[in-house]
Amino acid sequence: MTTNNLPTNILVAPLNWGLGHAARCIIIIKELEKNGFNPIIASDGPSLILLKKEFPHLTALELPSYCIEYPKNSRYFIWKLLFNSPKIANAVRAEKKLVSKWIKEYSIGGIISDNRFGIYNKSVPSVYITHQLKVLSGNTTWFSSKIHNYYIRKFNECWVPDVDGKPNLSGEMGHLNKTNLKIKYIGVLSRMNKKIVPIKYNLMVLLSGPEPQRTFLEEKLTEKLQNYKDKVVFIKGKIEAEQKIEQIGNVTFYNYMQTEQLETTFNESEMVLCRSGYTTIMDLTKLEKKAYFIPTPGQFEQEYLASKCKFEGYIPSIKQNRFKLEHLSSMHLFNGLPKINSKTNWTELFDLFQSK
């Protein structure tokens with residue numbers, strides 16, 4: 001892991017689509033440091049801001065945006081992605097040029113890309129992280145999966161944050177019947193740890209994801225919680241320069257929280273109301289918390305995960321336009337996410353980056 005007594009520089013680059021990709025890279029960055037590597041972080045938008053707040057001592061580089069946008073009407077989600085595909089392709093080409101430049105400029109000895117297609121180079125070991133070996137997109141699932149696997153093959157390894165057997169969290173998305181991809185299941189990734197602390201809040205609301213759907217749900221829930229009788233902590237998922245706190249009735253609003261405060265708040269909350277994002281599901285598994293899901297409208301991945309968790313008796317869910325506060329009472333009828341015994345062997349994973 002060292003060359004001439006200097007730590008190997010590893011570029012870690014998560015996709016800026018909501019905060020989940022950046023959030024699950026936090027544990028990877030910390031483990032790289034523990035194992036004697038020097039992480040260099042790269043992303044754009046709120047994801048880059050989040051990582052810079054978590055790791056102010058690390059070099060942070062800005063990548064071009066994929067310009068992923070959600071339509072106001074979720075029925076047009078796939079068409080919006082197709083419309084933006086030229087922008088994504090341009091960003092991927094720009095990424096590849098930047099990586100070639102940065103390898104020389106920063107002496108990068110390894111790459112970890114979380115769902116960024118252009119963050120790889122044949123001259124250094126390159127890893128791709130995803131839980132979507134099968135990319136659900138309705139009638140175009142076969143095509144979107146084919147495109148995704150085309151990019152995955154350009155990397156030395158593909159790390160799937162899940163377990164290989166059952167029960168697992170990603171279901172058919174992360175487990176293919178047949179594949180020639182170089183896959184490693186690395187276990188459930190979460191920056192959170194369960195702690196035994198007094199319950200402070202009856203309900204924790206945690207928002208995330210791209211606009212405008214994040215704002216739509218924030219406005220909807222803010223209105224519905226006005227007359228909520230018990231204590232609520234409401235984390236908007238808006239990464240800004242400074243943390244803002246506002247108290248309205250029994251609801252305490254935060255624009256964002258960093259890892260340590262977020263972990264404490266999770267543990268202090270009896271129930272969680274949130275999106276069914278994969279990183280959130282991994283966090284809930286680690287924390288052993290009961291939750292209620294409102295999947296992002298039109299996002300097939302979240303809709304599938306919410307449906308899977310509901311069908312298996314883990315967590316209830318409902319469509320965003322149908323949600324009412326009284327639906328939260330059904331949370332107690334579900335078992336919560338299964339306990340998954342998985343321990344990530346970081347030393348073995350990072351062997352890929354060892355200097356020859």
# chains A, B, ... in the order shown; residues from 1 in each chain; ligands from 1

$ residues_around --residues "stretch 21-32 of chain A" --least-positions-apart "3" --cutoff "8 Å" --atoms "only C-alpha atoms" --output "mmCIF file with N, CA and C atoms, in the first residue's frame"
data_model
loop_
_atom_site.group_PDB
_atom_site.id
_atom_site.type_symbol
_atom_site.label_atom_id
_atom_site.label_comp_id
_atom_site.auth_asym_id
_atom_site.auth_seq_id
_atom_site.Cartn_x
_atom_site.Cartn_y
_atom_site.Cartn_z
ATOM 1 N N VAL A 12 -11.580 8.283 -5.121
ATOM 2 C CA VAL A 12 -12.911 7.781 -4.779
ATOM 3 C C VAL A 12 -13.941 8.760 -5.339
ATOM 4 N N PRO A 14 -17.983 9.172 -6.188
ATOM 5 C CA PRO A 14 -19.390 8.754 -6.236
ATOM 6 C C PRO A 14 -20.225 9.632 -7.161
ATOM 7 N N LEU A 15 -21.277 9.052 -7.706
ATOM 8 C CA LEU A 15 -22.232 9.766 -8.535
ATOM 9 C C LEU A 15 -23.014 10.753 -7.677
ATOM 10 N N ASN A 16 -23.291 11.917 -8.240
ATOM 11 C CA ASN A 16 -24.120 12.910 -7.557
ATOM 12 C C ASN A 16 -25.571 12.746 -8.022
ATOM 13 N N TRP A 17 -26.268 11.793 -7.407
ATOM 14 C CA TRP A 17 -27.692 11.554 -7.675
ATOM 15 C C TRP A 17 -28.328 11.275 -6.327
ATOM 16 N N GLY A 18 -28.878 12.315 -5.689
ATOM 17 C CA GLY A 18 -29.212 12.195 -4.285
ATOM 18 C C GLY A 18 -27.904 12.149 -3.511
ATOM 19 N N ASN A 35 -6.309 1.669 6.475
ATOM 20 C CA ASN A 35 -5.412 0.693 5.875
ATOM 21 C C ASN A 35 -4.196 1.324 5.212
ATOM 22 N N GLY A 36 -3.948 2.590 5.510
ATOM 23 C CA GLY A 36 -2.716 3.224 5.078
ATOM 24 C C GLY A 36 -2.722 3.850 3.703
ATOM 25 N N PHE A 37 -3.907 4.003 3.099
ATOM 26 C CA PHE A 37 -4.005 4.655 1.798
ATOM 27 C C PHE A 37 -4.363 6.127 1.979
ATOM 28 N N ASN A 38 -4.193 6.892 0.926
ATOM 29 C CA ASN A 38 -4.551 8.309 0.941
ATOM 30 C C ASN A 38 -5.681 8.548 -0.059
ATOM 31 N N PRO A 39 -6.926 8.643 0.407
ATOM 32 C CA PRO A 39 -8.038 8.859 -0.510
ATOM 33 C C PRO A 39 -8.029 10.284 -1.078
ATOM 34 N N SER A 47 -23.159 16.143 -3.434
ATOM 35 C CA SER A 47 -22.348 14.991 -3.029
ATOM 36 C C SER A 47 -20.915 15.402 -2.717
ATOM 37 N N LEU A 48 -20.363 16.280 -3.528
ATOM 38 C CA LEU A 48 -19.008 16.770 -3.278
ATOM 39 C C LEU A 48 -18.977 17.616 -2.014
ATOM 40 N N LEU A 50 -20.937 17.354 0.587
ATOM 41 C CA LEU A 50 -21.048 16.438 1.729
ATOM 42 C C LEU A 50 -19.701 15.821 2.068
ATOM 43 N N LEU A 51 -18.994 15.304 1.061
ATOM 44 C CA LEU A 51 -17.706 14.654 1.314
ATOM 45 C C LEU A 51 -16.652 15.645 1.801
ATOM 46 N N GLU A 54 -17.295 16.092 5.445
ATOM 47 C CA GLU A 54 -16.898 14.914 6.221
ATOM 48 C C GLU A 54 -15.387 14.753 6.274
ATOM 49 N N ASP A 114 -18.177 4.975 -7.810
ATOM 50 C CA ASP A 114 -19.523 4.558 -7.431
ATOM 51 C C ASP A 114 -20.493 5.082 -8.484
ATOM 52 N N ASN A 115 -20.778 4.230 -9.476
ATOM 53 C CA ASN A 115 -21.749 4.524 -10.527
ATOM 54 C C ASN A 115 -21.382 5.700 -11.427
ATOM 55 N N LEU A 189 -22.955 -2.077 3.452
ATOM 56 C CA LEU A 189 -22.136 -0.899 3.763
ATOM 57 C C LEU A 189 -22.975 0.156 4.476
ATOM 58 N N SER A 190 -22.549 0.556 5.646
ATOM 59 C CA SER A 190 -23.238 1.624 6.358
ATOM 60 C C SER A 190 -22.245 2.359 7.245
ATOM 61 N N ARG A 191 -22.374 3.668 7.264
ATOM 62 C CA ARG A 191 -21.536 4.481 8.161
ATOM 63 C C ARG A 191 -22.153 4.572 9.552
ATOM 64 N N THR A 279 -29.040 3.025 -0.029
ATOM 65 C CA THR A 279 -28.137 3.362 1.083
ATOM 66 C C THR A 279 -28.918 3.505 2.383
ATOM 67 N N TRP A 346 -11.816 -5.675 4.329
ATOM 68 C CA TRP A 346 -11.216 -4.539 3.626
ATOM 69 C C TRP A 346 -9.787 -4.836 3.170
ATOM 70 N N PHE A 350 -8.699 -4.351 -0.656
ATOM 71 C CA PHE A 350 -7.707 -3.343 -1.019
ATOM 72 C C PHE A 350 -6.419 -3.951 -1.565
#

$ select_by_dssp --residues "stretch 256-301 of chain A" --states "strand (DSSP E or B)" --output "VMD selection string"
chain A and resid 269 to 274 290 to 293

$ closest_residue --among "A:Thr141, A:Thr285, A:Ser43, A:Thr252" --to "A:Ile119" --atoms "only C-alpha atoms"
A:Ser43

$ closest_atom_pairs --of "stretch 245-285 of chain A" --to "stretch 165-171 of chain A" --cutoff "8 Å" --atoms "only C-alpha atoms" --output "tab-separated table"
residue	atom	partner	partner_atom	distance
A:Tyr278	CA	A:Ser170	CA	7.7
A:Ile281	CA	A:Leu169	CA	7.7
A:Met282	CA	A:Leu169	CA	7.7

$ residues_around --residues "A:Glu95" --least-positions-apart "5" --cutoff "7 Å" --atoms "only C-alpha atoms" --output "PDB file with all heavy atoms, in the first residue's frame"
ATOM      1  N   LEU A  63     -15.884  17.057 -10.521  1.00  0.00           N
ATOM      2  CA  LEU A  63     -16.167  16.354 -11.766  1.00  0.00           C
ATOM      3  C   LEU A  63     -17.333  17.017 -12.501  1.00  0.00           C
ATOM      4  O   LEU A  63     -18.150  17.713 -11.879  1.00  0.00           O
ATOM      5  CB  LEU A  63     -16.517  14.895 -11.472  1.00  0.00           C
ATOM      6  CG  LEU A  63     -15.356  13.992 -11.070  1.00  0.00           C
ATOM      7  CD1 LEU A  63     -15.870  12.703 -10.441  1.00  0.00           C
ATOM      8  CD2 LEU A  63     -14.473  13.683 -12.271  1.00  0.00           C
ATOM      9  N   PRO A  64     -17.446  16.805 -13.792  1.00  0.00           N
ATOM     10  CA  PRO A  64     -18.589  17.345 -14.520  1.00  0.00           C
ATOM     11  C   PRO A  64     -19.889  16.674 -14.089  1.00  0.00           C
ATOM     12  O   PRO A  64     -19.903  15.494 -13.743  1.00  0.00           O
ATOM     13  CB  PRO A  64     -18.265  17.023 -15.984  1.00  0.00           C
ATOM     14  CG  PRO A  64     -17.305  15.879 -15.919  1.00  0.00           C
ATOM     15  CD  PRO A  64     -16.501  16.085 -14.668  1.00  0.00           C
ATOM     16  N   GLY A 118     -17.227   7.027 -16.376  1.00  0.00           N
ATOM     17  CA  GLY A 118     -15.950   7.413 -16.958  1.00  0.00           C
ATOM     18  C   GLY A 118     -14.777   7.443 -16.007  1.00  0.00           C
ATOM     19  O   GLY A 118     -13.654   7.799 -16.390  1.00  0.00           O
ATOM     20  N   ILE A 119     -14.997   7.041 -14.755  1.00  0.00           N
ATOM     21  CA  ILE A 119     -13.926   7.095 -13.749  1.00  0.00           C
ATOM     22  C   ILE A 119     -13.196   5.754 -13.720  1.00  0.00           C
ATOM     23  O   ILE A 119     -13.399   4.919 -12.834  1.00  0.00           O
ATOM     24  CB  ILE A 119     -14.486   7.461 -12.356  1.00  0.00           C
ATOM     25  CG1 ILE A 119     -15.275   8.757 -12.442  1.00  0.00           C
ATOM     26  CG2 ILE A 119     -13.350   7.621 -11.352  1.00  0.00           C
ATOM     27  CD1 ILE A 119     -14.463   9.965 -12.869  1.00  0.00           C
TER      28      ILE A 119
END

$ residues_around --residues "A:Gly249" --least-positions-apart "5" --cutoff "12 Å" --atoms "only C-alpha atoms" --output "PyMOL selection string"
chain A and resi 222-223+225-233

$ atom_distance --atom1 "atom CA of A:Glu105" --atom2 "atom CA of A:Asp351"
23.4 Å

$ closest_residue --among "A:Pro316, A:Gly138, A:Gly20, A:Pro7" --to "A:Ser107" --atoms "only C-alpha atoms"
A:Pro7

$ select_by_dssp --residues "stretch 59-268 of chain A" --states "helix (DSSP H, G or I)" --output "PyMOL selection string"
chain A and resi 74-105+138-152+171-173+213-227+259-268

$ closest_residue --among "A:Lys96, A:Lys134, A:Lys310, A:Lys184" --to "A:Val163" --atoms "only C-alpha atoms"
A:Lys184

$ atom_distance --atom1 "atom CA of A:Phe323" --atom2 "atom CA of A:Ile294"
7.8 Å

$ closest_residue --among "A:Glu348, A:Asn341, A:Lys52, A:Ser317" --to "A:Gly187" --atoms "only C-alpha atoms"
A:Asn341

$ atom_distance --atom1 "atom CA of A:Ile248" --atom2 "atom CA of A:Lys220"
15.3 Å

$ closest_residue --among "A:Tyr128, A:Ala89, A:Phe143, A:Lys178" --to "A:Trp159" --atoms "only C-alpha atoms"
A:Tyr128

$ residues_around --residues "stretch 150-155 of chain A" --least-positions-apart "3" --cutoff "7 Å" --atoms "only C-alpha atoms" --output "PyMOL selection string"
chain A and resi 117+120+126-128+146-147+158+181
